[in-house]
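J.: The structure that follows is given in the form of structure tokens.
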Amino acid sequence: MTMRAIVAEQTGGPEVLRLAEIPDPAPRPGELLVQTAAVGVNFIETYQRSGLYAVPLPFTPGAEGAGRVLAVGPGVEGFAEGDLVATAEATATYAERFAVAAERAVRVPEGIGADTAAALPLQGLTAHYLATSAARPEPGDTVLVHAGAGGVGLLLTQLLAARGVRVLTTASTPEKQQLSRSAGASEVLGYDGFADRVREITGGEGVAVAYDGVGKSTFDDSLRALRVRGELVLYGAASGPVPPFDLQRLNAGGSLSVTRPSLGHFLRTPDERVWRYRELFAAIEAGALDIRIGARFPLAEAAAAHRALEGRETTGKVILEP
Ligand code: NDP
């Protein structure tokens, strides 16, 4: 049997993402075969497509997706055919079907639909570990979240604000600024001069934590926006990778810290994964976490989805529909 999937034969611009017929995956021991209902698009796939992150070619992108279990591989327990499952940790989800290790998938509670299930895992787990583990701002602390209307930004803002953390964000357009405010940001700034604005707002002190997924264009000013002993959590590179820098700047800035975390290091054990998913699902069910799907594209138009994401045209989550 064959299925439709996106295949990149070479790295390059969005145009390298082409629809193709490829063999169906077969579930190996410990795996589930999933009929894709929705695919979550993430920035990392643009880095892989462009060649910034090396991947073997030909390449079908996609780590995130949700759908019904079609078949259960040998040795799998706790899942049955027909279960609605989601994952942030598969490969090749830009396809009508994908296989995933059962331990990296989660059964989605009744009441949370397939779209939300596909939109949540990668950015939701990321927002969760950023808020709870990569740094742990206390209630009453002020933090800065860049790209506040983006996928991670909207979720991170909601999780932090719910904990009593005061969240300042950046966003590039009035519409995005409004959206970020509605997610709980107390002040939404433009990018120009944001470090000075942060100092003004915090009475000269600076923020306890700056969450920076934008990278190259914001990194220097994110450092400047920190309070003494503040932490810069550099978790992405939407504007490009940050060049090497002089560690002495951390001293001059006031005994600052910088960390460069990745989601995989915060899903180290099944218990850690289950804890993060459980808290996210509970927040959704309690109405405390809104998952915004900002754009939907047919699977065949994956290139357009990448263009929109890289072109700063999107808010919240981008999904593909097979
Ligand atoms: P977003 O939905 O946040 O999209 C990126 C946003 O970044 C844009 O909408 C834009 O918002 C802002 N941006 C600023 N400058 C640029 C630029 N030059 N080009 C493109 N966008 C720019 O994406 P995600 O939520 O999916 O991801 C956010 C970041 O988090 C990415 O860097 C991603 O790689 C990273 N990430 C890291 C993870 C980790 O574990 N380390 C896991 C998941 C994501 P605006 O127009 O308002 O500026």
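The way I read the labels, and the way they are meant: chains A, B, ... in the order of the structure tokens, residue 1 as the first residue of every chain, and ligand 1 as the first ligand shown, with later ones counted on from there.
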May I have the residues within 6 Å of ligand 1, computed using only C-alpha atoms and all ligand atoms, as an NGL selection string?

T.: :A and (42-44 or 123 or 126 or 147 or 149-153 or 171-172 or 213-214 or 235-239 or 261-263 or 309-312 or 314-316)

J.: Quick one: everything within 8 Å of Pro121 of chain A, counting only C-alpha atoms, minus sequence neighbours fewer than 6 positions away in the same chain. Send it as a ChimeraX atom specification.

T.: /A:64,86-88,277

J.: Keeping C-alpha atoms for every residue in the selection just given, could you write it to a file as an mmCIF file, in the first residue's frame?

T.:
data_model
loop_
_atom_site.group_PDB
_atom_site.id
_atom_site.type_symbol
_atom_site.label_atom_id
_atom_site.label_comp_id
_atom_site.auth_asym_id
_atom_site.auth_seq_id
_atom_site.Cartn_x
_atom_site.Cartn_y
_atom_site.Cartn_z
ATOM 1 C CA GLU A 64 3.821 16.155 15.676
ATOM 2 C CA ALA A 86 -1.188 12.493 19.763
ATOM 3 C CA THR A 87 2.557 12.884 19.778
ATOM 4 C CA ALA A 88 5.285 15.496 19.578
ATOM 5 C CA TYR A 277 0.704 16.042 29.289
#

J.: Near segment 191-203 of chain A, counting only C-alpha atoms, which residues have an atom at most 7 Å away, once you skip same-chain residues fewer than 2 positions from it, shown as a ChimeraX atom specification?

T.: /A:170,172,189,205-206,221-222,224-225

J.: Leaving out Pro14 of chain A and any residue of its chain fewer than 2 positions from it, which residues lie within 6 Å of it when counting only C-alpha atoms, given as a count of residues only?

T.: 3

J.: Residues near Met3 of chain A, anyone? I mean within 7 Å using only C-alpha atoms, not counting same-chain ones fewer than 5 positions away, as a PyMOL selection string.

T.: chain A and resi 21-24+96

J.: If you keep all heavy atoms, can you produce a file of those selected residues as a short mmCIF file (atom, residue, chain, number, x, y, z; two decimals), in the first residue's frame?

T.:
data_model
loop_
_atom_site.label_atom_id
_atom_site.label_comp_id
_atom_site.auth_asym_id
_atom_site.auth_seq_id
_atom_site.Cartn_x
_atom_site.Cartn_y
_atom_site.Cartn_z
N GLU A 21 3.80 9.88 -3.52
CA GLU A 21 3.25 8.60 -3.04
C GLU A 21 4.42 7.78 -2.51
O GLU A 21 5.39 7.54 -3.24
CB GLU A 21 2.61 7.83 -4.21
CG GLU A 21 1.24 8.31 -4.63
CD GLU A 21 0.12 7.92 -3.65
OE1 GLU A 21 0.22 6.86 -2.99
OE2 GLU A 21 -0.84 8.71 -3.55
N ILE A 22 4.36 7.39 -1.25
CA ILE A 22 5.45 6.59 -0.69
C ILE A 22 4.84 5.37 0.02
O ILE A 22 3.64 5.37 0.32
CB ILE A 22 6.33 7.42 0.29
CG1 ILE A 22 5.54 7.87 1.51
CG2 ILE A 22 6.98 8.59 -0.41
CD1 ILE A 22 6.41 8.47 2.61
N PRO A 23 5.66 4.37 0.31
CA PRO A 23 5.11 3.18 0.96
C PRO A 23 4.55 3.51 2.34
O PRO A 23 5.08 4.35 3.06
CB PRO A 23 6.33 2.25 1.09
CG PRO A 23 7.31 2.76 0.11
CD PRO A 23 7.08 4.23 -0.04
N ASP A 24 3.47 2.83 2.70
CA ASP A 24 2.89 2.95 4.03
C ASP A 24 3.89 2.52 5.09
O ASP A 24 4.57 1.51 4.89
CB ASP A 24 1.70 1.99 4.13
CG ASP A 24 0.40 2.73 4.02
OD1 ASP A 24 0.16 3.60 4.87
OD2 ASP A 24 -0.35 2.41 3.10
N GLU A 96 -0.23 10.78 5.31
CA GLU A 96 -1.56 10.28 5.67
C GLU A 96 -1.52 9.31 6.84
O GLU A 96 -2.52 9.13 7.54
CB GLU A 96 -2.19 9.58 4.46
CG GLU A 96 -2.66 10.55 3.40
CD GLU A 96 -3.28 9.81 2.23
OE1 GLU A 96 -2.57 9.03 1.57
OE2 GLU A 96 -4.48 10.02 2.00
#

J.: Quick one: everything within 10 Å of Leu156 of chain A, counting only C-alpha atoms, minus sequence neighbours fewer than 2 positions away in the same chain. Send it as a PDB file with all heavy atoms, in the first residue's frame.

T.:
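around.pdb, freshly written:
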ATOM      1  N   GLN A 123       4.326  22.423  21.026  1.00  0.00           N
ATOM      2  CA  GLN A 123       4.402  23.768  21.613  1.00  0.00           C
ATOM      3  C   GLN A 123       3.896  23.755  23.053  1.00  0.00           C
ATOM      4  O   GLN A 123       4.398  24.504  23.897  1.00  0.00           O
ATOM      5  CB  GLN A 123       3.616  24.750  20.756  1.00  0.00           C
ATOM      6  CG  GLN A 123       4.284  24.956  19.391  1.00  0.00           C
ATOM      7  CD  GLN A 123       3.406  25.686  18.399  1.00  0.00           C
ATOM      8  OE1 GLN A 123       2.185  25.688  18.503  1.00  0.00           O
ATOM      9  NE2 GLN A 123       4.028  26.293  17.402  1.00  0.00           N
ATOM     10  N   GLY A 124       2.920  22.894  23.350  1.00  0.00           N
ATOM     11  CA  GLY A 124       2.399  22.811  24.719  1.00  0.00           C
ATOM     12  C   GLY A 124       3.430  22.255  25.680  1.00  0.00           C
ATOM     13  O   GLY A 124       3.681  22.825  26.751  1.00  0.00           O
ATOM     14  N   LEU A 125       4.059  21.143  25.303  1.00  0.00           N
ATOM     15  CA  LEU A 125       5.103  20.568  26.164  1.00  0.00           C
ATOM     16  C   LEU A 125       6.269  21.546  26.300  1.00  0.00           C
ATOM     17  O   LEU A 125       6.884  21.656  27.366  1.00  0.00           O
ATOM     18  CB  LEU A 125       5.595  19.232  25.589  1.00  0.00           C
ATOM     19  CG  LEU A 125       4.588  18.077  25.585  1.00  0.00           C
ATOM     20  CD1 LEU A 125       5.108  16.924  24.725  1.00  0.00           C
ATOM     21  CD2 LEU A 125       4.295  17.583  27.002  1.00  0.00           C
ATOM     22  N   THR A 126       6.557  22.256  25.222  1.00  0.00           N
ATOM     23  CA  THR A 126       7.651  23.245  25.284  1.00  0.00           C
ATOM     24  C   THR A 126       7.296  24.368  26.259  1.00  0.00           C
ATOM     25  O   THR A 126       8.096  24.714  27.137  1.00  0.00           O
ATOM     26  CB  THR A 126       7.926  23.816  23.878  1.00  0.00           C
ATOM     27  OG1 THR A 126       8.322  22.741  23.034  1.00  0.00           O
ATOM     28  CG2 THR A 126       9.008  24.881  23.901  1.00  0.00           C
ATOM     29  N   ALA A 127       6.102  24.914  26.110  1.00  0.00           N
ATOM     30  CA  ALA A 127       5.694  25.986  27.027  1.00  0.00           C
ATOM     31  C   ALA A 127       5.724  25.481  28.469  1.00  0.00           C
ATOM     32  O   ALA A 127       6.144  26.192  29.388  1.00  0.00           O
ATOM     33  CB  ALA A 127       4.296  26.483  26.656  1.00  0.00           C
ATOM     34  N   HIS A 128       5.315  24.231  28.666  1.00  0.00           N
ATOM     35  CA  HIS A 128       5.279  23.675  30.017  1.00  0.00           C
ATOM     36  C   HIS A 128       6.684  23.563  30.603  1.00  0.00           C
ATOM     37  O   HIS A 128       6.947  23.983  31.729  1.00  0.00           O
ATOM     38  CB  HIS A 128       4.565  22.315  30.000  1.00  0.00           C
ATOM     39  CG  HIS A 128       4.289  21.777  31.366  1.00  0.00           C
ATOM     40  ND1 HIS A 128       5.190  21.015  32.060  1.00  0.00           N
ATOM     41  CD2 HIS A 128       3.208  21.927  32.190  1.00  0.00           C
ATOM     42  CE1 HIS A 128       4.680  20.700  33.241  1.00  0.00           C
ATOM     43  NE2 HIS A 128       3.479  21.240  33.345  1.00  0.00           N
ATOM     44  N   TYR A 129       7.629  23.006  29.825  1.00  0.00           N
ATOM     45  CA  TYR A 129       8.970  22.868  30.421  1.00  0.00           C
ATOM     46  C   TYR A 129       9.651  24.225  30.569  1.00  0.00           C
ATOM     47  O   TYR A 129      10.435  24.440  31.500  1.00  0.00           O
ATOM     48  CB  TYR A 129       9.846  21.838  29.677  1.00  0.00           C
ATOM     49  CG  TYR A 129      10.682  22.363  28.530  1.00  0.00           C
ATOM     50  CD1 TYR A 129      11.812  23.180  28.756  1.00  0.00           C
ATOM     51  CD2 TYR A 129      10.371  22.059  27.208  1.00  0.00           C
ATOM     52  CE1 TYR A 129      12.573  23.661  27.704  1.00  0.00           C
ATOM     53  CE2 TYR A 129      11.137  22.538  26.156  1.00  0.00           C
ATOM     54  CZ  TYR A 129      12.226  23.342  26.408  1.00  0.00           C
ATOM     55  OH  TYR A 129      12.984  23.833  25.376  1.00  0.00           O
ATOM     56  N   LEU A 130       9.340  25.165  29.664  1.00  0.00           N
ATOM     57  CA  LEU A 130       9.937  26.504  29.802  1.00  0.00           C
ATOM     58  C   LEU A 130       9.435  27.171  31.084  1.00  0.00           C
ATOM     59  O   LEU A 130      10.190  27.855  31.777  1.00  0.00           O
ATOM     60  CB  LEU A 130       9.584  27.374  28.597  1.00  0.00           C
ATOM     61  CG  LEU A 130      10.241  26.995  27.268  1.00  0.00           C
ATOM     62  CD1 LEU A 130       9.678  27.845  26.120  1.00  0.00           C
ATOM     63  CD2 LEU A 130      11.768  27.141  27.328  1.00  0.00           C
ATOM     64  N   ALA A 131       8.161  26.961  31.392  1.00  0.00           N
ATOM     65  CA  ALA A 131       7.564  27.624  32.563  1.00  0.00           C
ATOM     66  C   ALA A 131       7.930  26.947  33.874  1.00  0.00           C
ATOM     67  O   ALA A 131       7.990  27.602  34.918  1.00  0.00           O
ATOM     68  CB  ALA A 131       6.039  27.648  32.406  1.00  0.00           C
ATOM     69  N   VAL A 145       8.521  37.471  27.319  1.00  0.00           N
ATOM     70  CA  VAL A 145       8.322  36.380  26.355  1.00  0.00           C
ATOM     71  C   VAL A 145       8.291  37.005  24.959  1.00  0.00           C
ATOM     72  O   VAL A 145       7.402  37.811  24.659  1.00  0.00           O
ATOM     73  CB  VAL A 145       6.992  35.628  26.616  1.00  0.00           C
ATOM     74  CG1 VAL A 145       6.711  34.612  25.500  1.00  0.00           C
ATOM     75  CG2 VAL A 145       7.011  34.932  27.979  1.00  0.00           C
ATOM     76  N   GLY A 148       5.030  36.884  21.384  1.00  0.00           N
ATOM     77  CA  GLY A 148       3.943  36.534  22.301  1.00  0.00           C
ATOM     78  C   GLY A 148       2.687  36.024  21.623  1.00  0.00           C
ATOM     79  O   GLY A 148       1.840  35.414  22.291  1.00  0.00           O
ATOM     80  N   GLY A 150       2.879  33.975  18.981  1.00  0.00           N
ATOM     81  CA  GLY A 150       3.257  32.747  18.277  1.00  0.00           C
ATOM     82  C   GLY A 150       2.716  31.516  18.991  1.00  0.00           C
ATOM     83  O   GLY A 150       2.051  31.617  20.035  1.00  0.00           O
ATOM     84  N   GLY A 151       3.034  30.365  18.429  1.00  0.00           N
ATOM     85  CA  GLY A 151       2.531  29.113  18.995  1.00  0.00           C
ATOM     86  C   GLY A 151       2.987  28.921  20.425  1.00  0.00           C
ATOM     87  O   GLY A 151       2.176  28.791  21.354  1.00  0.00           O
ATOM     88  N   VAL A 152       4.301  28.888  20.653  1.00  0.00           N
ATOM     89  CA  VAL A 152       4.815  28.727  22.016  1.00  0.00           C
ATOM     90  C   VAL A 152       4.446  29.955  22.850  1.00  0.00           C
ATOM     91  O   VAL A 152       4.028  29.832  24.012  1.00  0.00           O
ATOM     92  CB  VAL A 152       6.344  28.521  22.008  1.00  0.00           C
ATOM     93  CG1 VAL A 152       6.889  28.486  23.435  1.00  0.00           C
ATOM     94  CG2 VAL A 152       6.725  27.239  21.275  1.00  0.00           C
ATOM     95  N   GLY A 153       4.572  31.144  22.260  1.00  0.00           N
ATOM     96  CA  GLY A 153       4.361  32.383  23.010  1.00  0.00           C
ATOM     97  C   GLY A 153       2.988  32.474  23.656  1.00  0.00           C
ATOM     98  O   GLY A 153       2.868  32.839  24.831  1.00  0.00           O
ATOM     99  N   LEU A 154       1.943  32.142  22.904  1.00  0.00           N
ATOM    100  CA  LEU A 154       0.583  32.226  23.464  1.00  0.00           C
ATOM    101  C   LEU A 154       0.402  31.253  24.628  1.00  0.00           C
ATOM    102  O   LEU A 154      -0.237  31.585  25.638  1.00  0.00           O
ATOM    103  CB  LEU A 154      -0.462  31.907  22.394  1.00  0.00           C
ATOM    104  CG  LEU A 154      -0.797  33.006  21.387  1.00  0.00           C
ATOM    105  CD1 LEU A 154      -1.763  32.453  20.329  1.00  0.00           C
ATOM    106  CD2 LEU A 154      -1.408  34.225  22.071  1.00  0.00           C
ATOM    107  N   GLN A 158       0.053  32.126  28.794  1.00  0.00           N
ATOM    108  CA  GLN A 158      -1.099  31.675  29.593  1.00  0.00           C
ATOM    109  C   GLN A 158      -0.644  30.895  30.828  1.00  0.00           C
ATOM    110  O   GLN A 158      -1.169  31.091  31.927  1.00  0.00           O
ATOM    111  CB  GLN A 158      -2.019  30.795  28.741  1.00  0.00           C
ATOM    112  CG  GLN A 158      -2.729  31.557  27.639  1.00  0.00           C
ATOM    113  CD  GLN A 158      -3.579  30.616  26.776  1.00  0.00           C
ATOM    114  OE1 GLN A 158      -4.633  30.170  27.188  1.00  0.00           O
ATOM    115  NE2 GLN A 158      -3.114  30.325  25.575  1.00  0.00           N
ATOM    116  N   LEU A 159       0.328  29.991  30.645  1.00  0.00           N
ATOM    117  CA  LEU A 159       0.773  29.169  31.785  1.00  0.00           C
ATOM    118  C   LEU A 159       1.408  30.039  32.869  1.00  0.00           C
ATOM    119  O   LEU A 159       1.173  29.837  34.062  1.00  0.00           O
ATOM    120  CB  LEU A 159       1.775  28.097  31.326  1.00  0.00           C
ATOM    121  CG  LEU A 159       1.245  27.007  30.387  1.00  0.00           C
ATOM    122  CD1 LEU A 159       2.365  26.030  30.032  1.00  0.00           C
ATOM    123  CD2 LEU A 159       0.075  26.247  31.014  1.00  0.00           C
ATOM    124  N   LEU A 160       2.219  31.010  32.452  1.00  0.00           N
ATOM    125  CA  LEU A 160       2.900  31.857  33.439  1.00  0.00           C
ATOM    126  C   LEU A 160       1.915  32.794  34.134  1.00  0.00           C
ATOM    127  O   LEU A 160       1.946  32.950  35.356  1.00  0.00           O
ATOM    128  CB  LEU A 160       4.009  32.666  32.753  1.00  0.00           C
ATOM    129  CG  LEU A 160       5.217  31.862  32.277  1.00  0.00           C
ATOM    130  CD1 LEU A 160       6.097  32.705  31.370  1.00  0.00           C
ATOM    131  CD2 LEU A 160       6.030  31.337  33.459  1.00  0.00           C
ATOM    132  N   ALA A 161       1.040  33.409  33.347  1.00  0.00           N
ATOM    133  CA  ALA A 161       0.088  34.361  33.935  1.00  0.00           C
ATOM    134  C   ALA A 161      -0.818  33.657  34.938  1.00  0.00           C
ATOM    135  O   ALA A 161      -1.143  34.216  35.996  1.00  0.00           O
ATOM    136  CB  ALA A 161      -0.728  35.033  32.831  1.00  0.00           C
ATOM    137  N   ALA A 162      -1.185  32.403  34.629  1.00  0.00           N
ATOM    138  CA  ALA A 162      -2.057  31.649  35.549  1.00  0.00           C
ATOM    139  C   ALA A 162      -1.363  31.418  36.890  1.00  0.00           C
ATOM    140  O   ALA A 162      -2.018  31.200  37.903  1.00  0.00           O
ATOM    141  CB  ALA A 162      -2.440  30.312  34.918  1.00  0.00           C
ATOM    142  N   VAL A 167       3.736  38.977  32.876  1.00  0.00           N
ATOM    143  CA  VAL A 167       4.357  38.639  31.587  1.00  0.00           C
ATOM    144  C   VAL A 167       4.356  39.858  30.667  1.00  0.00           C
ATOM    145  O   VAL A 167       3.302  40.418  30.359  1.00  0.00           O
ATOM    146  CB  VAL A 167       3.610  37.472  30.899  1.00  0.00           C
ATOM    147  CG1 VAL A 167       4.353  37.053  29.618  1.00  0.00           C
ATOM    148  CG2 VAL A 167       3.461  36.282  31.836  1.00  0.00           C
ATOM    149  N   ALA A 183      -4.071  36.743  25.781  1.00  0.00           N
ATOM    150  CA  ALA A 183      -3.539  35.520  26.407  1.00  0.00           C
ATOM    151  C   ALA A 183      -3.016  35.783  27.819  1.00  0.00           C
ATOM    152  O   ALA A 183      -2.601  34.851  28.504  1.00  0.00           O
ATOM    153  CB  ALA A 183      -2.428  34.938  25.544  1.00  0.00           C
ATOM    154  N   GLY A 184      -3.016  37.060  28.225  1.00  0.00           N
ATOM    155  CA  GLY A 184      -2.611  37.354  29.598  1.00  0.00           C
ATOM    156  C   GLY A 184      -1.379  38.210  29.748  1.00  0.00           C
ATOM    157  O   GLY A 184      -0.910  38.442  30.878  1.00  0.00           O
ATOM    158  N   TYR A 211      12.465  34.851  27.908  1.00  0.00           N
ATOM    159  CA  TYR A 211      12.276  33.668  27.063  1.00  0.00           C
ATOM    160  C   TYR A 211      12.410  34.113  25.619  1.00  0.00           C
ATOM    161  O   TYR A 211      11.581  34.875  25.116  1.00  0.00           O
ATOM    162  CB  TYR A 211      10.888  33.070  27.282  1.00  0.00           C
ATOM    163  CG  TYR A 211      10.694  32.418  28.639  1.00  0.00           C
ATOM    164  CD1 TYR A 211       9.963  33.056  29.637  1.00  0.00           C
ATOM    165  CD2 TYR A 211      11.224  31.162  28.905  1.00  0.00           C
ATOM    166  CE1 TYR A 211       9.764  32.445  30.869  1.00  0.00           C
ATOM    167  CE2 TYR A 211      11.043  30.540  30.129  1.00  0.00           C
ATOM    168  CZ  TYR A 211      10.301  31.194  31.107  1.00  0.00           C
ATOM    169  OH  TYR A 211      10.111  30.585  32.320  1.00  0.00           O
ATOM    170  N   LEU A 289      -6.499  26.973  29.502  1.00  0.00           N
ATOM    171  CA  LEU A 289      -5.503  27.014  28.426  1.00  0.00           C
ATOM    172  C   LEU A 289      -6.238  26.925  27.093  1.00  0.00           C
ATOM    173  O   LEU A 289      -6.886  25.916  26.797  1.00  0.00           O
ATOM    174  CB  LEU A 289      -4.519  25.836  28.574  1.00  0.00           C
ATOM    175  CG  LEU A 289      -3.320  25.833  27.628  1.00  0.00           C
ATOM    176  CD1 LEU A 289      -2.415  27.039  27.868  1.00  0.00           C
ATOM    177  CD2 LEU A 289      -2.515  24.541  27.811  1.00  0.00           C
TER     178      LEU A 289
END

J.: So how far away is atom CA of Gln10 of chain A from atom CA of Ala54 of chain A, in Å?

T.: 11.1 Å

J.: Restricting the calculation to only C-alpha atoms: of A:Met1, A:Ala300, A:Ile284, A:Leu320, which residue gets closest to Ile112 of chain A?

T.: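 Closest candidate: A:Ile284.
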
J.: Mind the document's chain letters and residue numbers, and return as a PyMOL selection string the residues of segment 94-277 of chain A that DSSP labels helix (DSSP H, G or I).

T.: chain A and resi 102-104+114-119+121-134+151-162+174-182+194-201+219-224+248-252+263-266+270-277

J.: Fewer than 6 positions away in the same chain doesn't count, so skip those; otherwise give me all residues within 12 Å of Arg68 of chain A, counting only C-alpha atoms, as a list in words.

T.: Leu32, Leu33, Val34, Gln35, Thr36, Ala37, Ala38, Phe79, Ala80, Glu81, Gly82, Asp83, Leu84, Val85, Ala86, Thr87, Glu96, Arg97, Phe98, Ala99, Ala105, Val106, Arg107, Val108, Gly113, Ala114, Ala117 and Ala118 of chain A

J.: By how many Å are atom CA of Phe219 of chain A and atom CA of Lys176 of chain A apart?

T.: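 According to the coordinates, atom CA of Phe219 of chain A and atom CA of Lys176 of chain A are separated by 20.7 Å.
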
J.: Tell me, which residues of segment 43-164 of chain A carry DSSP strand (DSSP E or B), written as a PyMOL selection string?

T.: chain A and resi 59+64-72+84-87+95+97-101+105-107+142-145+150

J.: In Å, rounded to a single decimal, give me how far atom CA of His265 of chain A is from atom CA of Val7 of chain A.

T.: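 One can read the atom CA of Val7 of chain A to atom CA of His265 of chain A distance as 27.8 Å.
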
J.: Using only C-alpha atoms, can you tell me which of A:Glu45, A:Glu231, A:Glu89, A:Asp141 comes closest to Arg273 of chain A?

T.: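 Nearest to Arg273 of chain A: A:Glu89.
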
J.: Using only C-alpha atoms, which of the listed residues (A:Gly264, A:Pro243, A:Gly140, A:Gly111) sits closest to Gly215 of chain A?

T.: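 With only C-alpha atoms as the atom set, the closest residue is A:Pro243.
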
J.: Looking at A:Ile293, A:Glu15, A:Ala101, A:Pro139, which one is nearest to Ser50 of chain A, with distances taken over only C-alpha atoms?

T.: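 Ranking A:Ile293, A:Glu15, A:Ala101, A:Pro139 by distance to Ser50 of chain A, first place goes to A:Glu15.
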